[in-house]
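Only one structure is covered here, and it is reproduced in the block below.
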There are 2 protein chains.
Amino acid sequence: MTTHEILEKAKKAKSELSLVSVEKINEALLYMADSLIDHTDDILINNREDIERARDTVSSVMIDRLSLSEERIKGMAEGIREVADLPSPVGKVLSSHTLSNGLVVEKTSVPLGVVAIIYESRPNVTSDAAALALKSGNVCVLRSGKEAHKSASAIVRALCDGLERAGLSKDFVLLIEDTTRQSSLDLMTATGYVDLLIPRGGKGLISACVRNATVPCIQTGTGICHIYVDESADQEMALRIIENAKTSRPSVCNAEEVLLINEKIASEFLPKLKVLLCDNRAEHPVELRLDERAQKIIDGTPASDTDFDTEFLDYILAVGIVKDTDEAIEHINRHSTGHSEAIITNTKENAEKFAKMIDSSSVYINASTRFTDGGEFGLGCEMGISTQKLHARGPMGLFELNTYKYIIKGQGQIRT
Amino acid sequence: MTTHEILEKAKKAKSELSLVSVEKINEALLYMADSLIDHTDDILINNREDIERARDTVSSVMIDRLSLSEERIKGMAEGIREVADLPSPVGKVLSSHTLSNGLVVEKTSVPLGVVAIIYESRPNVTSDAAALALKSGNVCVLRSGKEAHKSASAIVRALCDGLERAGLSKDFVLLIEDTTRQSSLDLMTATGYVDLLIPRGGKGLISACVRNATVPCIQTGTGICHIYVDESADQEMALRIIENAKTSRPSVCNAEEVLLINEKIASEFLPKLKVLLCDNRAEHPVELRLDERAQKIIDGTPASDTDFDTEFLDYILAVGIVKDTDEAIEHINRHSTGHSEAIITNTKENAEKFAKMIDSSSVYINASTRFTDGGEFGLGCEMGISTQKLHARGPMGLFELNTYKYIIKGQGQIRT
């Protein structure tokens, strides 16, 4: 099927889905989870084909991301069941207002309609995204990376089987068949068909969306996260937080990439940092990329022009020295991607200023940036982390996959 | 100043504004209102120059929109004072969540930052938009239509005077000096500078934004509003509502443009409609543009292909006959701009189906579409009516000019 034919199906399906009850959707999700398990063999066979084809062209990290096992499929099914258990965001009366003429104006949450997701090689995104979209009442159009397309197809077959077992249309979960760049572009420009496009991928994909998208789009995931250690910081706490934010999982978007230190404590703090992150870490020592002033205090790689604007996703940390909280805030607002930033301080005034002025989705006072996550923030799930300000900011849960409409009930009122 | 220089000023000013208290903002708004009155002479002189220059090129309706008087300036000042009286949307804790490790995650409303507004010839938009932006904590960058630029400049001078009297930076309200198309394009592509772009104008401006904008943008105002008269409708009520929706103010976006009638009552209803909207209206008879089936019942203009996709903003109404509520819903979702639609019915089931399935910002049951308005909906004001689904839908008030961020307060927590 062409991408346009699939989008036509999606558009028709969204009207149908708007009449399906919350109970029915939850029932379908449970069938979809069962069906994933039933399709295990088919999924694994197709996944092996993807892996065989990809082996020569992609890194071993990518192969690992791509690989499914019986265990992983069980995990995916469990994930869908957890989504079924979450409260539905649909049909909530967000506000109600009665005009003096008796008109009742109700602001009610409703699904966006058709949510398209462009993603890369993790096959589990296929089932996660489909479950979250359906739970929030949306038809979901998936555009998987080329390397994972056979796996994604097998997973979507399983999910659609589940939908049909529940007596629902299999057009509620659709997979784009064209895996060339053209189909991404088709989705970005599908005005009137795609109500929300979520690109989940690297910088290249996100900026292609910013440049080309004419449909509503949410930028997700790029995180150049900063930690600023203030003059008054508890330095032991700062070290513990930096170690956690940088090294507990460097490949994720909420990991720290830049450390800024107040000049008054730099010469005391930096040697301790070097011992902790470099000297004492035999397995994965962190490479420190130092600005000019930091280079005078400890050894490390001199930072290049781009190091303070790079999402390393690796055991690398850019380190700079600043005069005070104001300079830290200014630096962060200039270089950050708007994801997560932290201040370590014991000065209430500086903490408040930092929280007020930092223009990012998540601002931490004395804690690790690694907590920015839908589960941690109590959303129950996560469709991605928005680094933009419109509609959704930070971790996106089910509620962020809804919009609202005003339903106005009258008895013949006219406006005078 | 170049547009880029103005945007640099705006970016700097937004950090400054984030530290200004709600009380100070309200105080500044009152000074701005006073200052508008004080600058009446300057504003009127400049307004007359605009009018002189425009007289040969624009319609008399446009001249009327452009024209200011002492009275109108008083009204603008009063508008600002009303905005000062509204509750501030900034700094509200929208949700709070304490993790088991003691971290407190607060979702807090914050200004978007820099809000840019591209508008046309009504000079009062200058003060309205500036007041709403400032009240919601945003720096505002205004790009007025060429015809009204001198008036807008004089108004901005007055507003900035007010800001300075309150001890605030005059860079919180900025006017773009370049009135060529280039400056609109510059705003649409000012990534990193403009946090939200609101185009307030005709179809051409809106679609230019959809095509070109790389900054977050909210489409406003285009309204092809439908009324569907169901088989079970109270026909007298239907006639009263249609007359109101079509003729009370045909030039506004919430006026009715298309009427759909259930086939079972068409031959009874249409002649009554014709008497009411055409025969009995000597001054402004409505031109009915009829589909083929309606033409067999009453006289009127045969509808062309485009008449069901046109925002007439005039005494013209496209009239079509449909089989049932399903066909009406399908027609509306295909042709509507997502603004406001109404069903007139006494069948609860049809009303509910219509409310659920119609994909528009405001869905009316037995009332006129003319109520779609920030004031009527209890928002206290209006920055425009969004016809998109992301972030804001329908009338936009102060709350819709805010985003949120998560502020996370810890005592050294790390993620394990």
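If you're wondering about the labels, chains in the structure tokens are A, B, ... by order shown, residues count from 1 in each chain, ligands from 1 in order shown.
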
Could you write out chain B as a tab-separated table (two decimals) with C-alpha atoms, in the first residue's frame once it has been least-squares superposed on chain A using every ordered C-alpha pair?
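The resulting file, out_33.tsv, is reproduced below:
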```tsv
chain	number	residue	atom	x	y	z
B	1	MET	CA	0.00	-0.02	0.00
B	2	THR	CA	1.21	3.52	-0.68
B	3	THR	CA	1.72	5.90	2.20
B	4	HIS	CA	-1.19	7.97	0.96
B	5	GLU	CA	-3.49	4.96	0.94
B	6	ILE	CA	-2.45	4.15	4.49
B	7	LEU	CA	-3.15	7.73	5.57
B	8	GLU	CA	-6.59	7.57	3.98
B	9	LYS	CA	-7.29	4.44	6.01
B	10	ALA	CA	-6.08	6.19	9.15
B	11	LYS	CA	-8.35	9.16	8.55
B	12	LYS	CA	-11.37	6.93	8.14
B	13	ALA	CA	-10.41	4.83	11.15
B	14	LYS	CA	-10.20	7.82	13.48
B	15	SER	CA	-13.90	8.56	13.11
B	16	GLU	CA	-14.66	4.94	13.90
B	17	LEU	CA	-12.33	4.94	16.89
B	18	SER	CA	-13.98	8.03	18.36
B	19	LEU	CA	-17.06	5.90	19.06
B	20	VAL	CA	-15.23	3.03	20.78
B	21	SER	CA	-15.61	2.93	24.57
B	22	VAL	CA	-12.74	3.03	27.06
B	23	GLU	CA	-13.67	-0.48	28.22
B	24	LYS	CA	-13.48	-1.84	24.69
B	25	ILE	CA	-10.08	-0.22	24.16
B	26	ASN	CA	-8.75	-1.79	27.35
B	27	GLU	CA	-10.11	-5.16	26.31
B	28	ALA	CA	-8.41	-4.81	22.92
B	29	LEU	CA	-5.09	-3.95	24.57
B	30	LEU	CA	-5.19	-7.20	26.55
B	31	TYR	CA	-5.93	-9.16	23.37
B	32	MET	CA	-3.03	-7.38	21.69
B	33	ALA	CA	-0.69	-8.41	24.51
B	34	ASP	CA	-1.83	-12.04	24.25
B	35	SER	CA	-1.47	-11.95	20.51
B	36	LEU	CA	2.13	-10.72	20.76
B	37	ILE	CA	2.97	-13.82	22.78
B	38	ASP	CA	1.11	-16.06	20.33
B	39	HIS	CA	3.08	-14.55	17.44
B	40	THR	CA	6.46	-15.01	19.15
B	41	ASP	CA	7.79	-17.41	16.50
B	42	ASP	CA	6.83	-15.21	13.58
B	43	ILE	CA	8.30	-12.14	15.29
B	44	LEU	CA	11.59	-13.87	16.08
B	45	ILE	CA	11.97	-15.24	12.56
B	46	ASN	CA	11.49	-11.82	11.07
B	47	ASN	CA	13.71	-10.23	13.67
B	48	ARG	CA	16.52	-12.64	12.77
B	49	GLU	CA	16.17	-11.65	9.12
B	50	ASP	CA	16.49	-7.98	10.08
B	51	ILE	CA	19.59	-8.75	12.12
B	52	GLU	CA	21.21	-10.78	9.35
B	53	ARG	CA	20.70	-7.97	6.89
B	54	ALA	CA	21.91	-5.30	9.32
B	55	ARG	CA	24.96	-7.10	10.65
B	56	ASP	CA	27.37	-5.74	8.07
B	57	THR	CA	26.25	-2.16	8.13
B	58	VAL	CA	25.48	-1.21	11.74
B	59	SER	CA	27.35	-1.17	15.04
B	60	SER	CA	27.07	-3.88	17.69
B	61	VAL	CA	25.18	-1.44	19.93
B	62	MET	CA	22.60	-1.09	17.17
B	63	ILE	CA	22.41	-4.86	16.74
B	64	ASP	CA	21.71	-5.15	20.44
B	65	ARG	CA	18.94	-2.57	20.23
B	66	LEU	CA	17.44	-4.39	17.28
B	67	SER	CA	17.55	-7.88	18.78
B	68	LEU	CA	14.44	-9.51	20.18
B	69	SER	CA	14.17	-12.62	22.31
B	70	GLU	CA	11.29	-14.53	23.82
B	71	GLU	CA	12.01	-12.65	27.02
B	72	ARG	CA	11.89	-9.26	25.33
B	73	ILE	CA	8.62	-10.09	23.61
B	74	LYS	CA	7.16	-11.08	26.97
B	75	GLY	CA	8.33	-7.70	28.26
B	76	MET	CA	6.60	-5.94	25.37
B	77	ALA	CA	3.35	-7.78	26.10
B	78	GLU	CA	3.67	-6.89	29.77
B	79	GLY	CA	4.16	-3.25	28.75
B	80	ILE	CA	0.87	-3.31	26.83
B	81	ARG	CA	-0.94	-4.82	29.84
B	82	GLU	CA	0.41	-2.04	32.03
B	83	VAL	CA	-0.91	0.54	29.59
B	84	ALA	CA	-4.32	-1.14	29.71
B	85	ASP	CA	-4.27	-0.65	33.49
B	86	LEU	CA	-3.62	3.09	33.33
B	87	PRO	CA	-6.55	5.51	33.61
B	88	SER	CA	-7.86	6.73	30.27
B	89	PRO	CA	-7.20	10.39	29.51
B	90	VAL	CA	-10.20	10.63	27.16
B	91	GLY	CA	-13.50	12.39	27.88
B	92	LYS	CA	-12.48	14.19	31.05
B	93	VAL	CA	-14.37	17.44	31.66
B	94	LEU	CA	-11.45	19.83	32.19
B	95	SER	CA	-13.65	22.81	32.99
B	96	SER	CA	-17.32	23.64	32.89
B	97	HIS	CA	-18.84	27.05	32.66
B	98	THR	CA	-22.51	28.07	32.56
B	99	LEU	CA	-23.27	31.35	30.81
B	100	SER	CA	-25.94	33.67	32.17
B	101	ASN	CA	-28.18	32.62	29.27
B	102	GLY	CA	-28.03	28.99	30.41
B	103	LEU	CA	-25.51	27.70	27.83
B	104	VAL	CA	-23.23	25.08	29.35
B	105	VAL	CA	-19.68	25.24	27.97
B	106	GLU	CA	-17.70	22.10	28.73
B	107	LYS	CA	-14.01	21.80	27.92
B	108	THR	CA	-13.50	18.08	27.38
B	109	SER	CA	-10.37	16.05	26.65
B	110	VAL	CA	-10.48	14.21	23.33
B	111	PRO	CA	-7.97	12.21	21.29
B	112	LEU	CA	-5.82	14.10	18.81
B	113	GLY	CA	-6.97	11.75	16.04
B	114	VAL	CA	-4.11	10.33	14.02
B	115	VAL	CA	-0.71	10.18	15.71
B	116	ALA	CA	2.24	9.32	13.48
B	117	ILE	CA	5.54	8.16	14.95
B	118	ILE	CA	8.80	8.03	13.06
B	119	TYR	CA	11.34	5.94	14.91
B	120	GLU	CA	14.47	3.95	14.37
B	121	SER	CA	15.67	0.49	15.21
B	122	ARG	CA	14.16	-0.56	18.54
B	123	PRO	CA	11.33	-2.96	17.68
B	124	ASN	CA	9.74	-2.57	21.11
B	125	VAL	CA	8.84	1.03	20.21
B	126	THR	CA	6.35	-0.49	17.76
B	127	SER	CA	4.24	-2.07	20.49
B	128	ASP	CA	4.82	0.68	23.09
B	129	ALA	CA	3.79	3.46	20.75
B	130	ALA	CA	0.80	1.55	19.40
B	131	ALA	CA	-0.45	0.79	22.91
B	132	LEU	CA	-0.09	4.39	24.12
B	133	ALA	CA	-1.73	5.79	20.99
B	134	LEU	CA	-4.68	3.39	21.19
B	135	LYS	CA	-5.12	3.85	24.95
B	136	SER	CA	-5.37	7.60	24.37
B	137	GLY	CA	-7.97	7.05	21.63
B	138	ASN	CA	-5.70	7.72	18.68
B	139	VAL	CA	-5.16	5.88	15.45
B	140	CYS	CA	-1.46	5.26	15.19
B	141	VAL	CA	0.63	5.36	12.03
B	142	LEU	CA	4.06	3.87	12.56
B	143	ARG	CA	7.09	4.47	10.42
B	144	SER	CA	9.84	2.16	11.58
B	145	GLY	CA	13.49	2.38	10.63
B	146	LYS	CA	14.51	0.33	7.61
B	147	GLU	CA	16.72	-2.02	9.66
B	148	ALA	CA	13.81	-3.06	11.87
B	149	HIS	CA	11.06	-3.13	9.29
B	150	LYS	CA	10.50	-6.87	9.15
B	151	SER	CA	10.35	-7.08	12.94
B	152	ALA	CA	7.97	-4.12	13.04
B	153	SER	CA	5.76	-5.74	10.39
B	154	ALA	CA	5.54	-8.96	12.38
B	155	ILE	CA	4.73	-7.05	15.57
B	156	VAL	CA	2.03	-5.01	13.85
B	157	ARG	CA	0.52	-8.19	12.41
B	158	ALA	CA	0.32	-9.54	15.96
B	159	LEU	CA	-1.22	-6.33	17.31
B	160	CYS	CA	-3.78	-6.19	14.51
B	161	ASP	CA	-4.71	-9.78	15.19
B	162	GLY	CA	-5.41	-8.72	18.76
B	163	LEU	CA	-7.54	-5.82	17.57
B	164	GLU	CA	-9.58	-8.14	15.39
B	165	ARG	CA	-10.03	-10.63	18.21
B	166	ALA	CA	-11.54	-7.77	20.20
B	167	GLY	CA	-13.86	-7.01	17.29
B	168	LEU	CA	-12.12	-3.76	16.38
B	169	SER	CA	-10.73	-2.54	13.09
B	170	LYS	CA	-7.12	-3.42	12.39
B	171	ASP	CA	-6.76	0.01	10.81
B	172	PHE	CA	-6.30	1.49	14.28
B	173	VAL	CA	-2.62	0.46	14.11
B	174	LEU	CA	-1.00	1.02	10.74
B	175	LEU	CA	2.56	0.53	9.56
B	176	ILE	CA	4.01	2.51	6.67
B	177	GLU	CA	5.40	0.10	4.09
B	178	ASP	CA	7.76	2.43	2.27
B	179	THR	CA	11.02	2.59	4.24
B	180	THR	CA	12.73	5.22	2.11
B	181	ARG	CA	13.17	8.81	3.21
B	182	GLN	CA	10.19	9.71	1.04
B	183	SER	CA	7.72	8.16	3.48
B	184	SER	CA	9.09	10.25	6.38
B	185	LEU	CA	8.69	13.34	4.23
B	186	ASP	CA	5.18	12.23	3.27
B	187	LEU	CA	4.23	12.00	6.94
B	188	MET	CA	5.79	15.38	7.74
B	189	THR	CA	3.66	17.03	5.08
B	190	ALA	CA	0.43	15.05	5.45
B	191	THR	CA	-1.69	18.09	6.32
B	192	GLY	CA	-5.25	17.07	7.07
B	193	TYR	CA	-4.22	13.48	7.77
B	194	VAL	CA	-1.68	13.54	10.59
B	195	ASP	CA	-2.83	15.34	13.73
B	196	LEU	CA	0.47	14.89	15.53
B	197	LEU	CA	3.84	13.71	14.35
B	198	ILE	CA	6.33	12.46	16.93
B	199	PRO	CA	9.83	11.92	15.62
B	200	ARG	CA	11.77	9.63	17.96
B	201	GLY	CA	15.34	9.54	16.86
B	202	GLY	CA	18.59	11.40	16.48
B	203	LYS	CA	19.36	15.00	15.80
B	204	GLY	CA	19.14	14.51	12.03
B	205	LEU	CA	15.55	13.27	12.16
B	206	ILE	CA	14.47	16.02	14.55
B	207	SER	CA	15.96	18.81	12.48
B	208	ALA	CA	14.51	17.34	9.28
B	209	CYS	CA	11.12	17.58	10.99
B	210	VAL	CA	11.69	21.19	12.07
B	211	ARG	CA	12.64	22.10	8.51
B	212	ASN	CA	10.05	20.13	6.58
B	213	ALA	CA	7.05	19.43	8.76
B	214	THR	CA	3.84	21.22	7.89
B	215	VAL	CA	1.86	18.99	10.27
B	216	PRO	CA	1.93	19.55	14.04
B	217	CYS	CA	5.07	18.00	15.39
B	218	ILE	CA	6.70	17.45	18.77
B	219	GLN	CA	10.45	17.49	19.02
B	220	THR	CA	11.70	14.88	21.42
B	221	GLY	CA	14.72	13.62	23.09
B	222	THR	CA	17.81	15.62	22.34
B	223	GLY	CA	19.39	16.35	25.71
B	224	ILE	CA	22.44	18.51	26.33
B	225	CYS	CA	21.87	18.44	30.09
B	226	HIS	CA	23.85	20.72	32.40
B	227	ILE	CA	24.77	20.56	36.07
B	228	TYR	CA	25.94	23.75	37.76
B	229	VAL	CA	27.82	23.47	41.05
B	230	ASP	CA	27.36	26.65	43.02
B	231	GLU	CA	29.80	28.18	45.50
B	232	SER	CA	27.70	27.03	48.46
B	233	ALA	CA	27.19	23.46	47.21
B	234	ASP	CA	27.67	20.43	49.41
B	235	GLN	CA	30.60	19.17	47.36
B	236	GLU	CA	30.21	15.53	48.32
B	237	MET	CA	26.59	15.68	47.20
B	238	ALA	CA	27.67	17.38	43.98
B	239	LEU	CA	30.19	14.64	43.22
B	240	ARG	CA	27.64	11.90	43.88
B	241	ILE	CA	25.08	13.58	41.62
B	242	ILE	CA	27.54	14.23	38.80
B	243	GLU	CA	28.78	10.66	38.88
B	244	ASN	CA	25.20	9.43	38.68
B	245	ALA	CA	24.12	11.85	35.96
B	246	LYS	CA	27.19	11.19	33.81
B	247	THR	CA	27.99	7.53	34.28
B	248	SER	CA	24.88	5.59	35.31
B	249	ARG	CA	23.68	5.41	31.68
B	250	PRO	CA	25.56	7.77	29.39
B	251	SER	CA	23.63	6.83	26.23
B	252	VAL	CA	20.30	8.30	27.36
B	253	CYS	CA	19.00	11.81	26.80
B	254	ASN	CA	18.77	12.74	30.50
B	255	ALA	CA	22.47	12.02	31.11
B	256	GLU	CA	24.71	14.99	31.94
B	257	GLU	CA	26.83	16.38	29.12
B	258	VAL	CA	28.13	19.65	30.58
B	259	LEU	CA	29.37	20.58	34.04
B	260	LEU	CA	29.69	24.22	35.10
B	261	ILE	CA	31.52	25.11	38.31
B	262	ASN	CA	31.56	28.32	40.29
B	263	GLU	CA	35.04	29.84	40.08
B	264	LYS	CA	35.31	30.23	43.87
B	265	ILE	CA	35.34	26.46	44.45
B	266	ALA	CA	36.82	25.22	41.17
B	267	SER	CA	40.36	24.67	42.39
B	268	GLU	CA	39.10	22.68	45.36
B	269	PHE	CA	36.39	20.77	43.49
B	270	LEU	CA	37.98	19.82	40.17
B	271	PRO	CA	40.77	17.61	41.55
B	272	LYS	CA	38.18	15.62	43.51
B	273	LEU	CA	36.07	15.31	40.35
B	274	LYS	CA	39.04	14.02	38.41
B	275	VAL	CA	39.76	11.33	41.00
B	276	LEU	CA	36.13	10.21	41.01
B	277	LEU	CA	35.37	10.24	37.28
B	278	CYS	CA	38.78	9.42	35.81
B	279	ASP	CA	41.42	8.00	38.14
B	280	ASN	CA	39.10	5.73	40.14
B	281	ARG	CA	37.20	4.38	37.14
B	282	ALA	CA	39.29	1.67	35.56
B	283	GLU	CA	36.58	0.37	33.29
B	284	HIS	CA	34.95	3.49	31.86
B	285	PRO	CA	36.99	6.54	32.82
B	286	VAL	CA	35.26	9.77	31.81
B	287	GLU	CA	37.06	12.00	29.36
B	288	LEU	CA	36.95	15.55	30.69
B	289	ARG	CA	36.91	18.27	28.04
B	290	LEU	CA	38.06	21.36	29.88
B	291	ASP	CA	37.65	25.05	29.11
B	292	GLU	CA	40.76	27.25	29.42
B	293	ARG	CA	40.35	28.03	33.09
B	294	ALA	CA	39.69	24.42	34.08
B	295	GLN	CA	42.80	23.33	32.18
B	296	LYS	CA	44.88	25.38	34.64
B	297	ILE	CA	43.57	23.30	37.54
B	298	ILE	CA	43.47	19.70	36.30
B	299	ASP	CA	44.67	17.67	33.33
B	300	GLY	CA	42.22	16.78	30.60
B	301	THR	CA	41.37	17.29	26.93
B	302	PRO	CA	41.18	20.95	25.94
B	303	ALA	CA	37.56	21.59	24.98
B	304	SER	CA	36.93	22.50	21.35
B	305	ASP	CA	34.41	25.06	20.13
B	306	THR	CA	31.71	22.45	19.72
B	307	ASP	CA	32.14	20.54	22.99
B	308	PHE	CA	29.68	22.74	24.86
B	309	ASP	CA	27.05	22.14	22.18
B	310	THR	CA	27.37	18.38	21.80
B	311	GLU	CA	25.20	15.56	23.06
B	312	PHE	CA	28.04	13.07	23.61
B	313	LEU	CA	25.90	10.12	24.78
B	314	ASP	CA	29.21	8.69	25.94
B	315	TYR	CA	31.74	8.80	28.80
B	316	ILE	CA	32.69	12.37	27.93
B	317	LEU	CA	31.95	15.51	29.97
B	318	ALA	CA	32.52	19.14	28.98
B	319	VAL	CA	33.67	21.17	32.00
B	320	GLY	CA	33.59	24.95	32.28
B	321	ILE	CA	34.15	27.52	35.02
B	322	VAL	CA	31.70	30.38	35.53
B	323	LYS	CA	31.70	33.47	37.71
B	324	ASP	CA	28.35	32.98	39.38
B	325	THR	CA	24.80	31.67	39.08
B	326	ASP	CA	23.89	34.40	36.58
B	327	GLU	CA	26.68	33.37	34.24
B	328	ALA	CA	25.72	29.71	34.62
B	329	ILE	CA	22.09	30.50	33.76
B	330	GLU	CA	23.14	32.55	30.75
B	331	HIS	CA	25.45	29.81	29.51
B	332	ILE	CA	22.80	27.12	29.93
B	333	ASN	CA	20.03	29.07	28.24
B	334	ARG	CA	22.37	29.69	25.30
B	335	HIS	CA	23.66	26.13	24.88
B	336	SER	CA	20.99	23.82	26.27
B	337	THR	CA	18.47	21.85	24.22
B	338	GLY	CA	15.77	22.58	26.82
B	339	HIS	CA	15.75	19.10	28.32
B	340	SER	CA	17.02	18.89	31.96
B	341	GLU	CA	19.41	21.01	34.02
B	342	ALA	CA	20.43	20.94	37.68
B	343	ILE	CA	21.89	23.30	40.24
B	344	ILE	CA	23.74	22.01	43.31
B	345	THR	CA	23.55	24.72	45.94
B	346	ASN	CA	22.75	25.51	49.55
B	347	THR	CA	21.74	29.08	48.76
B	348	LYS	CA	17.96	29.33	48.52
B	349	GLU	CA	18.12	32.53	46.50
B	350	ASN	CA	20.32	30.95	43.82
B	351	ALA	CA	18.15	27.86	43.66
B	352	GLU	CA	15.06	29.97	43.12
B	353	LYS	CA	16.70	32.13	40.49
B	354	PHE	CA	17.91	29.04	38.66
B	355	ALA	CA	14.47	27.43	38.76
B	356	LYS	CA	12.81	30.61	37.51
B	357	MET	CA	15.21	31.57	34.76
B	358	ILE	CA	16.34	28.27	33.27
B	359	ASP	CA	14.27	27.72	30.14
B	360	SER	CA	14.17	23.91	30.09
B	361	SER	CA	11.54	21.23	30.59
B	362	SER	CA	12.94	19.98	33.91
B	363	VAL	CA	14.93	22.02	36.39
B	364	TYR	CA	16.53	20.21	39.33
B	365	ILE	CA	17.66	21.56	42.65
B	366	ASN	CA	20.15	19.22	44.34
B	367	ALA	CA	19.28	16.09	42.36
B	368	SER	CA	20.43	14.14	39.34
B	369	THR	CA	19.06	14.98	35.87
B	370	ARG	CA	18.55	11.27	35.31
B	371	PHE	CA	15.06	11.42	36.86
B	372	THR	CA	13.46	13.06	33.80
B	373	ASP	CA	11.24	10.19	32.75
B	374	GLY	CA	7.51	9.61	32.40
B	375	GLY	CA	7.51	6.78	34.92
B	376	GLU	CA	9.53	8.71	37.53
B	377	PHE	CA	7.34	11.80	37.10
B	378	GLY	CA	4.22	9.78	37.84
B	379	LEU	CA	2.77	9.73	34.32
B	380	GLY	CA	2.74	5.94	34.31
B	381	CYS	CA	4.31	5.71	30.86
B	382	GLU	CA	6.16	7.77	28.29
B	383	MET	CA	5.79	8.47	24.58
B	384	GLY	CA	8.99	10.51	24.47
B	385	ILE	CA	10.43	13.58	26.15
B	386	SER	CA	9.45	16.84	24.52
B	387	THR	CA	12.12	19.51	24.37
B	388	GLN	CA	9.71	22.07	22.95
B	389	LYS	CA	7.28	24.26	24.83
B	390	LEU	CA	4.09	23.97	22.84
B	391	HIS	CA	1.44	21.43	23.94
B	392	ALA	CA	3.77	19.11	25.84
B	393	ARG	CA	7.03	19.76	27.65
B	394	GLY	CA	9.21	17.12	29.22
B	395	PRO	CA	7.99	13.53	29.55
B	396	MET	CA	4.83	12.91	27.49
B	397	GLY	CA	2.25	10.56	28.90
B	398	LEU	CA	-1.27	9.65	27.81
B	399	PHE	CA	-2.72	13.03	28.67
B	400	GLU	CA	-0.30	14.72	26.26
B	401	LEU	CA	-1.68	12.53	23.46
B	402	ASN	CA	-5.04	14.21	23.88
B	403	THR	CA	-6.32	17.63	22.95
B	404	TYR	CA	-9.63	19.10	24.04
B	405	LYS	CA	-12.74	20.46	22.51
B	406	TYR	CA	-15.53	22.62	23.80
B	407	ILE	CA	-18.94	21.00	23.82
B	408	ILE	CA	-21.68	23.58	24.25
B	409	LYS	CA	-25.17	22.49	25.19
B	410	GLY	CA	-28.06	24.87	24.63
B	411	GLN	CA	-31.82	25.15	24.30
B	412	GLY	CA	-31.87	27.47	21.31
B	413	GLN	CA	-29.59	30.27	22.57
B	414	ILE	CA	-28.52	32.96	20.13
B	415	ARG	CA	-25.91	35.66	20.62
B	416	THR	CA	-27.29	39.17	20.94
```

Per DSSP on the backbone, what are the alpha helix (DSSP H) residues of segment 214-292 of chain A, as a ChimeraX atom specification? /A:235-247,266-274,292

Just list as a PyMOL selection string whatever in segment 16-172 of chain A DSSP marks as strand (DSSP E or B). chain A and resi 93-98+104-111+114-118+139-143
